[in-house]
$ cat data.csv   # CSV, C-alpha atoms and all ligand atoms
chain,number,residue,atom,x,y,z
Z,173,MET,CA,0.0,0.0,0.0
Z,174,ASP,CA,1.2,3.5,-0.8
Z,175,ILE,CA,-1.0,5.1,1.9
Z,176,LEU,CA,-1.8,3.8,5.4
Z,177,ALA,CA,-4.4,5.5,7.6
Z,178,VAL,CA,-4.7,4.7,11.3
Z,179,GLY,CA,-7.9,5.4,13.3
Z,180,GLU,CA,-11.5,4.6,14.1
Z,181,PRO,CA,-14.5,4.0,11.7
Z,182,LEU,CA,-17.9,4.9,13.0
Z,183,LEU,CA,-21.2,3.8,11.4
Z,184,GLU,CA,-23.2,6.9,10.6
Z,185,PHE,CA,-26.9,7.5,11.2
Z,186,ASN,CA,-27.8,10.6,9.4
Z,187,ALA,CA,-31.1,12.3,10.2
Z,188,ARG,CA,-33.1,12.7,7.0
Z,189,ILE,CA,-35.1,15.7,8.3
Z,190,ASP,CA,-33.3,19.0,8.7
Z,191,GLY,CA,-33.7,20.5,12.1
Z,192,ALA,CA,-34.7,17.3,13.9
Z,193,ARG,CA,-32.4,16.3,16.7
Z,194,PRO,CA,-32.0,12.5,16.8
Z,195,VAL,CA,-35.2,10.8,17.8
Z,196,GLN,CA,-36.9,14.0,19.0
Z,197,GLY,CA,-39.2,14.4,16.0
Z,198,GLY,CA,-36.9,12.8,13.6
Z,199,ASP,CA,-36.8,9.0,13.5
Z,200,ALA,CA,-35.7,8.4,9.9
Z,201,PHE,CA,-32.0,8.0,9.3
Z,202,THR,CA,-29.8,7.2,6.3
Z,203,VAL,CA,-27.1,4.8,7.4
Z,204,GLY,CA,-23.7,5.5,6.1
Z,205,TYR,CA,-20.0,5.2,6.9
Z,206,GLY,CA,-18.0,7.7,8.9
Z,207,GLY,CA,-14.9,8.1,11.0
Z,208,ASP,CA,-12.4,10.7,9.9
Z,209,THR,CA,-9.5,8.4,8.9
Z,210,SER,CA,-11.8,5.8,7.2
Z,211,ASN,CA,-13.3,8.7,5.2
Z,212,PHE,CA,-9.7,9.8,4.4
Z,213,ALA,CA,-8.8,6.2,3.2
Z,214,VAL,CA,-11.9,6.1,0.9
Z,215,ALA,CA,-11.2,9.5,-0.5
Z,216,ALA,CA,-7.6,8.6,-1.2
Z,217,ALA,CA,-8.7,5.3,-2.9
Z,218,ARG,CA,-11.3,7.1,-5.0
Z,219,SER,CA,-8.6,9.5,-6.1
Z,220,GLY,CA,-6.5,6.5,-7.3
Z,221,ALA,CA,-4.1,5.8,-4.4
Z,222,ARG,CA,-3.3,2.3,-3.2
Z,223,THR,CA,-4.6,2.7,0.4
Z,224,GLY,CA,-4.9,0.5,3.4
Z,225,TYR,CA,-6.5,1.1,6.8
Z,226,VAL,CA,-5.3,0.1,10.3
Z,227,THR,CA,-8.0,-0.2,12.9
Z,228,ARG,CA,-9.9,-2.5,15.2
Z,229,ILE,CA,-13.6,-3.2,14.7
Z,230,GLY,CA,-16.1,-5.6,16.3
Z,231,ASP,CA,-17.2,-9.0,14.8
Z,232,ASP,CA,-20.7,-7.4,14.8
Z,233,ASP,CA,-22.8,-6.6,11.7
Z,234,PHE,CA,-21.6,-3.0,11.8
Z,235,GLY,CA,-18.0,-4.1,11.5
Z,236,ALA,CA,-18.9,-6.5,8.8
Z,237,ALA,CA,-20.6,-3.7,6.9
Z,238,PHE,CA,-17.4,-1.7,7.1
Z,239,LEU,CA,-15.3,-4.6,5.8
Z,240,ARG,CA,-17.6,-4.9,2.8
Z,241,MET,CA,-17.5,-1.2,2.2
Z,242,TRP,CA,-13.6,-1.0,2.3
Z,243,GLU,CA,-13.4,-4.1,0.0
Z,244,ARG,CA,-15.8,-2.4,-2.5
Z,245,GLU,CA,-13.7,0.7,-2.3
Z,246,GLY,CA,-10.4,-1.1,-2.7
Z,247,VAL,CA,-9.2,0.0,0.7
Z,248,GLY,CA,-6.8,-2.7,2.1
Z,249,THR,CA,-8.1,-4.5,5.2
Z,250,ASP,CA,-5.1,-6.7,6.0
Z,251,HIS,CA,-4.5,-4.6,9.2
Z,252,VAL,CA,-8.1,-4.4,10.4
Z,253,VAL,CA,-8.4,-6.5,13.6
Z,254,ARG,CA,-11.9,-7.9,14.3
Z,255,GLU,CA,-12.5,-8.3,18.0
Z,256,ALA,CA,-14.7,-11.1,19.2
Z,257,GLY,CA,-17.6,-9.6,21.0
Z,258,GLY,CA,-16.6,-6.0,20.1
Z,259,ARG,CA,-19.1,-3.4,19.1
Z,260,THR,CA,-18.1,-1.1,16.3
Z,261,GLY,CA,-18.7,2.6,17.2
Z,262,ILE,CA,-21.6,4.6,15.8
Z,263,TYR,CA,-22.7,8.2,15.7
Z,264,PHE,CA,-25.9,10.2,14.9
Z,265,VAL,CA,-25.8,13.4,12.9
Z,266,SER,CA,-28.5,15.9,12.5
Z,267,ARG,CA,-28.5,19.3,11.0
Z,268,THR,CA,-30.1,22.7,11.3
Z,269,GLU,CA,-29.8,25.4,8.6
Z,270,SER,CA,-26.5,26.6,10.2
Z,271,GLU,CA,-24.9,23.6,11.8
Z,272,ALA,CA,-24.6,19.9,12.2
Z,273,SER,CA,-24.8,18.2,15.6
Z,274,PHE,CA,-23.3,14.9,16.5
Z,275,VAL,CA,-24.1,12.2,19.1
Z,276,TYR,CA,-21.4,9.5,19.5
Z,277,HIS,CA,-21.6,6.0,20.9
Z,278,ARG,CA,-18.0,5.0,20.8
Z,279,ALA,CA,-16.8,4.6,24.4
Z,280,HIS,CA,-15.1,1.1,24.8
Z,281,SER,CA,-15.2,0.6,21.1
Z,282,PRO,CA,-12.7,-1.9,19.6
Z,283,ALA,CA,-10.8,1.0,18.1
Z,284,SER,CA,-10.3,2.5,21.5
Z,285,ARG,CA,-8.2,-0.5,22.2
Z,286,LEU,CA,-5.9,0.3,19.3
Z,287,ALA,CA,-2.3,0.1,20.7
Z,288,PRO,CA,1.2,0.4,19.3
Z,289,GLN,CA,1.4,-3.3,18.7
Z,290,ASP,CA,-1.5,-2.9,16.1
Z,291,ILE,CA,0.7,-0.8,13.9
Z,292,PRO,CA,2.2,-3.1,11.2
Z,293,ALA,CA,5.9,-2.1,11.0
Z,294,ASP,CA,6.5,-3.9,7.7
Z,295,ALA,CA,3.5,-2.2,6.0
Z,296,VAL,CA,4.5,1.2,7.4
Z,297,ALA,CA,8.0,0.6,6.1
Z,298,ARG,CA,6.6,-0.1,2.6
Z,299,ALA,CA,4.2,2.8,2.7
Z,300,ARG,CA,4.9,6.2,1.1
Z,301,LEU,CA,2.6,8.1,3.4
Z,302,VAL,CA,1.0,7.5,6.8
Z,303,HIS,CA,-2.0,9.4,8.0
Z,304,VAL,CA,-3.0,10.0,11.6
Z,305,SER,CA,-5.5,12.4,13.2
Z,306,GLY,CA,-6.2,14.0,16.5
Z,307,ILE,CA,-9.3,11.9,16.8
Z,308,THR,CA,-7.2,8.7,16.4
Z,309,GLN,CA,-5.2,10.0,19.4
Z,310,ALA,CA,-8.2,11.3,21.4
Z,311,ILE,CA,-10.1,8.0,21.7
Z,312,SER,CA,-7.9,6.5,24.4
Z,313,PRO,CA,-4.4,6.6,25.8
Z,314,SER,CA,-3.4,3.4,23.9
Z,315,ALA,CA,-4.8,4.8,20.6
Z,316,CYS,CA,-2.8,8.0,21.3
Z,317,ASP,CA,0.4,5.9,21.7
Z,318,ALA,CA,-0.5,3.9,18.5
Z,319,GLY,CA,-0.7,7.2,16.6
Z,320,PHE,CA,2.7,8.3,17.9
Z,321,HIS,CA,4.1,4.9,17.2
Z,322,ALA,CA,2.8,4.9,13.6
Z,323,MET,CA,4.4,8.4,13.0
Z,324,GLU,CA,7.7,7.3,14.6
Z,325,LEU,CA,7.9,4.2,12.4
Z,326,ALA,CA,6.9,6.2,9.3
Z,327,ARG,CA,9.6,8.8,10.1
Z,328,ARG,CA,12.3,6.1,10.5
Z,329,ALA,CA,11.2,4.5,7.2
Z,330,GLY,CA,11.3,7.8,5.4
Z,331,ALA,CA,7.5,7.8,4.6
Z,332,LEU,CA,5.6,11.1,4.6
Z,333,ILE,CA,3.3,11.7,7.5
Z,334,SER,CA,0.1,13.6,7.2
Z,335,TYR,CA,-1.8,14.8,10.3
Z,336,ASP,CA,-5.2,16.3,10.7
Z,337,PRO,CA,-5.8,17.8,14.1
Z,338,ASN,CA,-9.6,17.2,13.9
Z,339,LEU,CA,-9.9,18.7,17.4
Z,340,ARG,CA,-13.0,17.4,19.1
Z,341,PRO,CA,-13.2,19.0,22.5
Z,342,ALA,CA,-15.8,16.5,23.7
Z,343,LEU,CA,-13.3,13.7,23.4
Z,344,TRP,CA,-10.5,14.9,25.7
Z,345,PRO,CA,-9.4,17.8,28.0
Z,346,ALA,CA,-8.3,20.9,26.2
Z,347,GLU,CA,-4.7,21.0,27.5
Z,348,ARG,CA,-4.1,17.3,26.7
Z,349,ALA,CA,-5.6,17.7,23.3
Z,350,ARG,CA,-3.4,20.7,22.5
Z,351,ALA,CA,-0.2,19.1,23.8
Z,352,VAL,CA,-0.8,15.8,21.9
Z,353,ILE,CA,-2.0,17.4,18.7
Z,354,MET,CA,0.8,20.0,18.5
Z,355,ARG,CA,3.3,17.2,19.0
Z,356,GLY,CA,1.6,15.4,16.1
Z,357,VAL,CA,2.0,18.6,14.1
Z,358,GLU,CA,5.7,18.7,14.9
Z,359,MET,CA,6.2,15.1,13.8
Z,360,CYS,CA,4.4,15.4,10.5
Z,361,ASP,CA,5.3,16.6,7.0
Z,362,ILE,CA,1.8,17.7,6.0
Z,363,ALA,CA,-0.4,19.4,8.6
Z,364,LEU,CA,-4.1,19.7,7.7
Z,365,PRO,CA,-6.0,21.8,10.3
Z,366,ASN,CA,-9.2,23.7,9.8
Z,367,LEU,CA,-9.5,27.4,10.8
Z,368,THR,CA,-11.7,26.8,13.9
Z,369,GLU,CA,-9.3,24.2,15.5
Z,370,GLY,CA,-6.3,26.1,14.2
Z,371,ARG,CA,-7.4,29.1,16.2
Z,372,ALA,CA,-8.1,27.1,19.3
Z,373,LEU,CA,-4.7,25.3,19.0
Z,374,THR,CA,-2.5,28.3,18.3
Z,375,GLY,CA,-4.3,31.2,20.0
Z,376,ALA,CA,-4.0,33.2,16.8
Z,377,ASP,CA,-7.0,34.7,15.1
Z,378,ASP,CA,-6.1,35.9,11.6
Z,379,PRO,CA,-5.9,33.0,9.2
Z,380,ARG,CA,-2.4,34.0,8.0
Z,381,GLU,CA,-1.2,34.0,11.6
Z,382,VAL,CA,-2.8,30.7,12.3
Z,383,LEU,CA,-1.1,29.2,9.2
Z,384,ASP,CA,2.3,30.7,10.3
Z,385,ALA,CA,2.0,29.3,13.8
Z,386,PHE,CA,1.7,25.8,12.3
Z,387,VAL,CA,4.5,26.4,9.8
Z,388,ARG,CA,6.8,27.3,12.8
Z,389,ARG,CA,6.2,23.9,14.3
Z,390,GLY,CA,8.1,22.4,11.4
Z,391,PRO,CA,5.8,20.6,8.8
Z,392,ALA,CA,7.0,21.2,5.2
Z,393,THR,CA,3.4,21.7,4.1
Z,394,VAL,CA,0.5,23.2,6.0
Z,395,VAL,CA,-3.0,23.4,4.6
Z,396,LEU,CA,-5.5,25.6,6.6
Z,397,LYS,CA,-9.0,24.5,5.6
Z,398,MET,CA,-11.6,27.2,5.8
Z,399,GLY,CA,-14.9,25.6,4.7
Z,400,ALA,CA,-16.8,27.6,2.1
Z,401,GLN,CA,-13.8,30.1,2.1
Z,402,GLY,CA,-11.5,27.5,0.6
Z,403,ALA,CA,-8.0,27.0,2.0
Z,404,LEU,CA,-4.6,28.5,2.5
Z,405,VAL,CA,-1.5,26.4,1.7
Z,406,ALA,CA,2.0,27.1,2.9
Z,407,HIS,CA,4.8,25.2,1.2
Z,408,GLU,CA,8.5,26.2,0.7
Z,409,GLY,CA,8.0,29.7,2.0
Z,410,THR,CA,5.1,30.4,-0.3
Z,411,VAL,CA,1.5,30.8,0.7
Z,412,THR,CA,-1.2,30.0,-1.9
Z,413,ARG,CA,-4.8,30.8,-1.6
Z,414,ILE,CA,-7.0,28.0,-2.9
Z,415,ASP,CA,-10.4,29.3,-3.9
Z,416,PRO,CA,-13.5,27.3,-3.0
Z,417,HIS,CA,-15.2,25.4,-5.7
Z,418,PRO,CA,-18.8,26.8,-5.6
Z,419,VAL,CA,-21.4,24.3,-4.6
Z,420,ARG,CA,-24.8,24.1,-3.0
Z,421,GLN,CA,-23.8,22.5,0.4
Z,422,VAL,CA,-26.2,19.8,1.7
Z,423,ASP,CA,-24.0,18.1,4.4
Z,424,PRO,CA,-20.5,19.2,5.2
Z,425,THR,CA,-19.6,16.0,7.0
Z,426,GLY,CA,-16.3,14.6,5.8
Z,427,ALA,CA,-15.3,17.5,3.7
Z,428,GLY,CA,-12.1,18.0,5.6
Z,429,ASP,CA,-11.3,14.2,5.5
Z,430,THR,CA,-11.9,14.1,1.7
Z,431,PHE,CA,-9.7,17.1,1.2
Z,432,ASP,CA,-6.9,15.3,3.1
Z,433,GLY,CA,-7.2,12.0,1.3
Z,434,ALA,CA,-7.6,13.6,-2.2
Z,435,PHE,CA,-4.6,15.8,-1.4
Z,436,ALA,CA,-2.4,12.9,-0.3
Z,437,ALA,CA,-3.3,10.8,-3.3
Z,438,ARG,CA,-2.5,13.6,-5.8
Z,439,LEU,CA,0.8,14.4,-4.0
Z,440,LEU,CA,1.9,10.8,-4.2
Z,441,ASP,CA,1.0,10.9,-7.9
Z,442,GLY,CA,3.6,13.7,-8.3
Z,443,ALA,CA,1.3,16.7,-8.4
Z,444,PRO,CA,2.9,19.9,-7.1
Z,445,VAL,CA,1.4,21.1,-3.8
Z,446,PRO,CA,-0.8,23.9,-5.2
Z,447,GLU,CA,-2.2,21.6,-7.9
Z,448,ALA,CA,-2.9,18.8,-5.4
Z,449,ALA,CA,-4.6,21.4,-3.2
Z,450,ARG,CA,-6.8,22.7,-6.0
Z,451,TYR,CA,-7.8,19.1,-6.8
Z,452,ALA,CA,-8.5,18.4,-3.1
Z,453,ALA,CA,-10.7,21.5,-2.8
Z,454,VAL,CA,-12.9,20.4,-5.6
Z,455,ALA,CA,-13.1,16.9,-4.2
Z,456,ALA,CA,-14.0,18.3,-0.8
Z,457,ALA,CA,-16.6,20.7,-2.2
Z,458,LEU,CA,-18.3,18.0,-4.1
Z,459,THR,CA,-18.5,15.9,-1.0
Z,460,THR,CA,-20.7,18.5,0.7
Z,461,THR,CA,-23.3,18.2,-2.0
Z,462,GLY,CA,-24.7,14.9,-0.8
Z,463,LEU,CA,-25.8,13.3,2.5
Z,464,GLY,CA,-23.2,11.4,4.5
Z,465,ALA,CA,-19.5,11.3,4.8
Z,466,VAL,CA,-18.5,8.6,2.3
Z,467,THR,CA,-21.3,8.3,-0.3
Z,468,PRO,CA,-20.7,11.6,-2.0
Z,469,ILE,CA,-16.9,11.5,-2.1
Z,470,PRO,CA,-16.0,11.9,-5.8
Z,471,HIS,CA,-13.8,9.7,-7.9
Z,472,ARG,CA,-10.7,10.9,-9.7
Z,473,GLY,CA,-12.5,11.2,-13.1
Z,474,THR,CA,-15.3,13.4,-11.7
Z,475,VAL,CA,-12.8,15.8,-10.1
Z,476,ASP,CA,-10.6,15.9,-13.2
Z,477,ALA,CA,-13.7,16.7,-15.3
Z,478,VAL,CA,-14.6,19.6,-13.0
Z,479,LEU,CA,-11.0,20.9,-13.1
Z,480,ALA,CA,-11.1,20.7,-16.9
Z,481,GLY,CA,-14.2,22.8,-16.9
Z,482,GLY,CA,-16.6,20.0,-17.9
Z,483,PRO,CA,-19.9,19.0,-16.4
Z,484,ARG,CA,-20.2,18.0,-12.7
Z,485,PRO,CA,-21.7,14.6,-12.5
Z,486,VAL,CA,-22.6,13.6,-8.9
Z,487,ARG,CA,-22.6,9.9,-8.1
Z,488,PRO,CA,-26.0,8.6,-6.9
Z,489,SER,CA,-26.1,7.8,-3.2
Z,490,ARG,CA,-25.8,4.2,-2.1
Z,491,PRO,CA,-26.6,3.8,1.6
Z,492,ILE,CA,-26.6,0.5,3.3
Z,493,ARG,CA,-30.0,-1.2,3.1
Z,494,ARG,CA,-31.0,-3.7,5.7
P,501,LIG,N1,-19.5,25.0,1.4
P,501,LIG,C1,-18.4,24.7,0.7
P,501,LIG,N2,-18.1,25.2,-0.5
P,501,LIG,C2,-17.0,25.0,-1.2
P,501,LIG,N3,-16.0,24.3,-0.7
P,501,LIG,C3,-16.1,23.8,0.6
P,501,LIG,C4,-17.3,24.0,1.3
P,501,LIG,N4,-17.2,23.4,2.5
P,501,LIG,C5,-15.9,22.8,2.5
P,501,LIG,N5,-15.3,23.0,1.3
P,501,LIG,C6,-13.9,22.6,1.0
P,501,LIG,O1,-13.6,21.6,1.8
P,501,LIG,C7,-12.4,21.9,2.5
P,501,LIG,C8,-12.5,21.3,3.9
P,501,LIG,O2,-13.7,21.7,4.6
P,501,LIG,P1,-13.6,22.3,6.1
P,501,LIG,O3,-12.8,23.5,6.2
P,501,LIG,O4,-15.0,22.3,6.5
P,501,LIG,O5,-12.8,21.1,6.8
P,501,LIG,P2,-13.0,20.4,8.2
P,501,LIG,O6,-13.5,21.4,9.1
P,501,LIG,O7,-11.7,19.8,8.5
P,501,LIG,O8,-14.1,19.3,7.9
P,501,LIG,P3,-14.5,18.0,8.8
P,501,LIG,O9,-15.8,18.4,9.3
P,501,LIG,O10,-14.5,16.9,7.8
P,501,LIG,O11,-13.4,17.9,9.9
P,501,LIG,C9,-12.3,23.4,2.5
P,501,LIG,O12,-11.0,23.8,2.7
P,501,LIG,C10,-12.9,23.7,1.2
P,501,LIG,O13,-11.9,23.6,0.2
P,502,MG,MG,-11.5,18.3,10.0

$ encode --input "data.csv" --output "structure tokens"
Amino acid sequence: MDILAVGEPLLEFNARIDGARPVQGGDAFTVGYGGDTSNFAVAAARSGARTGYVTRIGDDDFGAAFLRMWEREGVGTDHVVREAGGRTGIYFVSRTESEASFVYHRAHSPASRLAPQDIPADAVARARLVHVSGITQAISPSACDAGFHAMELARRAGALISYDPNLRPALWPAERARAVIMRGVEMCDIALPNLTEGRALTGADDPREVLDAFVRRGPATVVLKMGAQGALVAHEGTVTRIDPHPVRQVDPTGAGDTFDGAFAARLLDGAPVPEAARYAAVAAALTTTGLGAVTPIPHRGTVDAVLAGGPRPVRPSRPIRR
């Protein structure tokens, strides 16, 4: 595999009715696939990268559904451990006009038992890029160590490391989150924060200052994702503004993860950083036009067609039916 992602998948229950909090008035859900690093892996695979996933899931139906999905997507599952009796984590997402709200059921999930010994040293040594996120490191102390171990092995093997802070204050205390995430940023080659978490982590407010604060921690490339405002990219002393691709946003879930995975795939394909970022911004924008994290992630051909100025086909949704 060229890319290995490490983290937790979560089955997604997406409220079909806008404005309805889960179960209070809204009892219809579209089932989909989430979990930031799993979304990353699917996005990288749909952009053409040979990608594998390192995680722990249960031997329940939810875990089985993930295995089928990864296999359909061509995401390698050699390093997915199925725990007997384990229950794969889930989350509910519901939206109002202005924001999405999330309810997670992931405590004691198999992925929270990720530990350094789950990181496959041989596969990391063969990979060209290893991806870890702040969520990977937030779910438990052993998963935190697994994230650091994966990055350490990647660095020793000369693989690139990409790191998305994905700060989720509900998962861990602010001081620990900041300390761990900024250490991850220092260890990585490609840091991928969004503006909100970038501000919280650096204390800066202005996007250029937030970007610079990450650059000072050492990564060769920093992408500051700014939702509908696009992104700022710092690389080799140059800052490039990446304009947003205009879309009608339906559900922003997974836009950041799609950006990360698409960006990594194009970089490994030899695209210069600004070109990979423009590709990733289109992939991420298209992801917001459909419900769910994984279903609307575009394939390479779709993104290339948009970049070439052609029509914008959107893949039909394919939720799990049971
Ligand atoms: N409404 C939008 N219109 C156009 N582009 C968008 C929109 N929302 C997101 N994007 C693109 O997706 C990228 C990532 O989105 P965002 O900044 O929301 O990431 P994030 O906060 O990390 O997301 P996540 O919720 O997955 O963690 C942006 O930099 C932008 O290029
Ligand atoms: Mg994010």

$ atom_distance --input "data.csv" --atom1 "atom CA of Z:Ala363" --atom2 "atom CA of Z:Gly481"
29.2 Å

$ residues_around --input "data.csv" --residues "Z:Gly204" --least-positions-apart "5" --cutoff "8 Å" --atoms "all atoms listed in the file" --output "ChimeraX atom specification"
/Z:183-186,464-467,491-492

$ write_last_selection --input "data.csv" --atoms "C-alpha atoms" --output "PDB file, in the frame of the given file"
ATOM      1  CA  LEU Z 183     -21.200   3.800  11.400  1.00  0.00           C
ATOM      2  CA  GLU Z 184     -23.200   6.900  10.600  1.00  0.00           C
ATOM      3  CA  PHE Z 185     -26.900   7.500  11.200  1.00  0.00           C
ATOM      4  CA  ASN Z 186     -27.800  10.600   9.400  1.00  0.00           C
ATOM      5  CA  GLY Z 464     -23.200  11.400   4.500  1.00  0.00           C
ATOM      6  CA  ALA Z 465     -19.500  11.300   4.800  1.00  0.00           C
ATOM      7  CA  VAL Z 466     -18.500   8.600   2.300  1.00  0.00           C
ATOM      8  CA  THR Z 467     -21.300   8.300  -0.300  1.00  0.00           C
ATOM      9  CA  PRO Z 491     -26.600   3.800   1.600  1.00  0.00           C
ATOM     10  CA  ILE Z 492     -26.600   0.500   3.300  1.00  0.00           C
TER      11      ILE Z 492
END

$ residues_near_point --input "data.csv" --point "(-9.5, 30.0, 4.3)" --cutoff "12 Å" --atoms "only C-alpha atoms" --output "MDAnalysis selection string"
chainID Z and resid 365:368 370 378:383 395:406 411:416 453

$ atom_distance --input "data.csv" --atom1 "atom CA of Z:Arg420" --atom2 "atom CA of Z:Arg438"
24.8 Å

$ closest_residue --input "data.csv" --among "Z:Tyr451, Z:Phe238, Z:Tyr335, Z:Phe264" --to "ligand MG 502 (chain P)" --atoms "only C-alpha atoms and all ligand atoms"
Z:Tyr335

$ residues_around --input "data.csv" --residues "Z:Thr209" --least-positions-apart "5" --cutoff "12 Å" --atoms "only C-alpha atoms" --output "number ranges by chain"
Z: 175-182, 214-216, 223-227, 247, 283, 302-309, 319, 334-338, 426-433, 465-466

$ residues_around --input "data.csv" --residues "Z:Arg389" --least-positions-apart "5" --cutoff "8 Å" --atoms "all atoms listed in the file" --output "PyMOL selection string"
chain Z and resi 354+357-358

$ closest_residue --input "data.csv" --among "Z:Ile229, Z:Ala236, Z:Ala272, Z:Val478" --to "Z:Thr260" --atoms "only C-alpha atoms"
Z:Ile229

$ atom_distance --input "data.csv" --atom1 "atom CA of Z:Pro418" --atom2 "atom CA of Z:Ile189"
24.1 Å

$ decode --input "data.csv" --residues "stretch 287-330 of chain Z" --atoms "C-alpha atoms" --output "mmCIF file, in the first residue's frame"
data_model
loop_
_atom_site.group_PDB
_atom_site.id
_atom_site.type_symbol
_atom_site.label_atom_id
_atom_site.label_comp_id
_atom_site.auth_asym_id
_atom_site.auth_seq_id
_atom_site.Cartn_x
_atom_site.Cartn_y
_atom_site.Cartn_z
ATOM 1 C CA ALA Z 287 -2.330 0.116 20.709
ATOM 2 C CA PRO Z 288 1.219 0.412 19.342
ATOM 3 C CA GLN Z 289 1.392 -3.339 18.654
ATOM 4 C CA ASP Z 290 -1.477 -2.937 16.142
ATOM 5 C CA ILE Z 291 0.728 -0.773 13.913
ATOM 6 C CA PRO Z 292 2.175 -3.058 11.211
ATOM 7 C CA ALA Z 293 5.868 -2.118 11.048
ATOM 8 C CA ASP Z 294 6.467 -3.878 7.705
ATOM 9 C CA ALA Z 295 3.495 -2.215 6.032
ATOM 10 C CA VAL Z 296 4.503 1.193 7.384
ATOM 11 C CA ALA Z 297 8.038 0.643 6.086
ATOM 12 C CA ARG Z 298 6.642 -0.074 2.620
ATOM 13 C CA ALA Z 299 4.160 2.830 2.662
ATOM 14 C CA ARG Z 300 4.917 6.209 1.121
ATOM 15 C CA LEU Z 301 2.551 8.127 3.381
ATOM 16 C CA VAL Z 302 1.015 7.458 6.793
ATOM 17 C CA HIS Z 303 -2.037 9.403 7.998
ATOM 18 C CA VAL Z 304 -2.982 9.967 11.640
ATOM 19 C CA SER Z 305 -5.513 12.362 13.168
ATOM 20 C CA GLY Z 306 -6.244 14.041 16.461
ATOM 21 C CA ILE Z 307 -9.340 11.856 16.753
ATOM 22 C CA THR Z 308 -7.167 8.737 16.442
ATOM 23 C CA GLN Z 309 -5.190 10.045 19.382
ATOM 24 C CA ALA Z 310 -8.181 11.266 21.394
ATOM 25 C CA ILE Z 311 -10.141 8.044 21.703
ATOM 26 C CA SER Z 312 -7.901 6.454 24.354
ATOM 27 C CA PRO Z 313 -4.358 6.627 25.768
ATOM 28 C CA SER Z 314 -3.356 3.416 23.944
ATOM 29 C CA ALA Z 315 -4.755 4.763 20.645
ATOM 30 C CA CYS Z 316 -2.820 7.964 21.295
ATOM 31 C CA ASP Z 317 0.358 5.911 21.670
ATOM 32 C CA ALA Z 318 -0.528 3.938 18.525
ATOM 33 C CA GLY Z 319 -0.733 7.227 16.604
ATOM 34 C CA PHE Z 320 2.676 8.349 17.854
ATOM 35 C CA HIS Z 321 4.147 4.911 17.151
ATOM 36 C CA ALA Z 322 2.832 4.939 13.578
ATOM 37 C CA MET Z 323 4.371 8.362 13.010
ATOM 38 C CA GLU Z 324 7.674 7.316 14.584
ATOM 39 C CA LEU Z 325 7.887 4.196 12.394
ATOM 40 C CA ALA Z 326 6.945 6.233 9.316
ATOM 41 C CA ARG Z 327 9.632 8.795 10.055
ATOM 42 C CA ARG Z 328 12.285 6.097 10.518
ATOM 43 C CA ALA Z 329 11.227 4.467 7.237
ATOM 44 C CA GLY Z 330 11.287 7.778 5.370
#
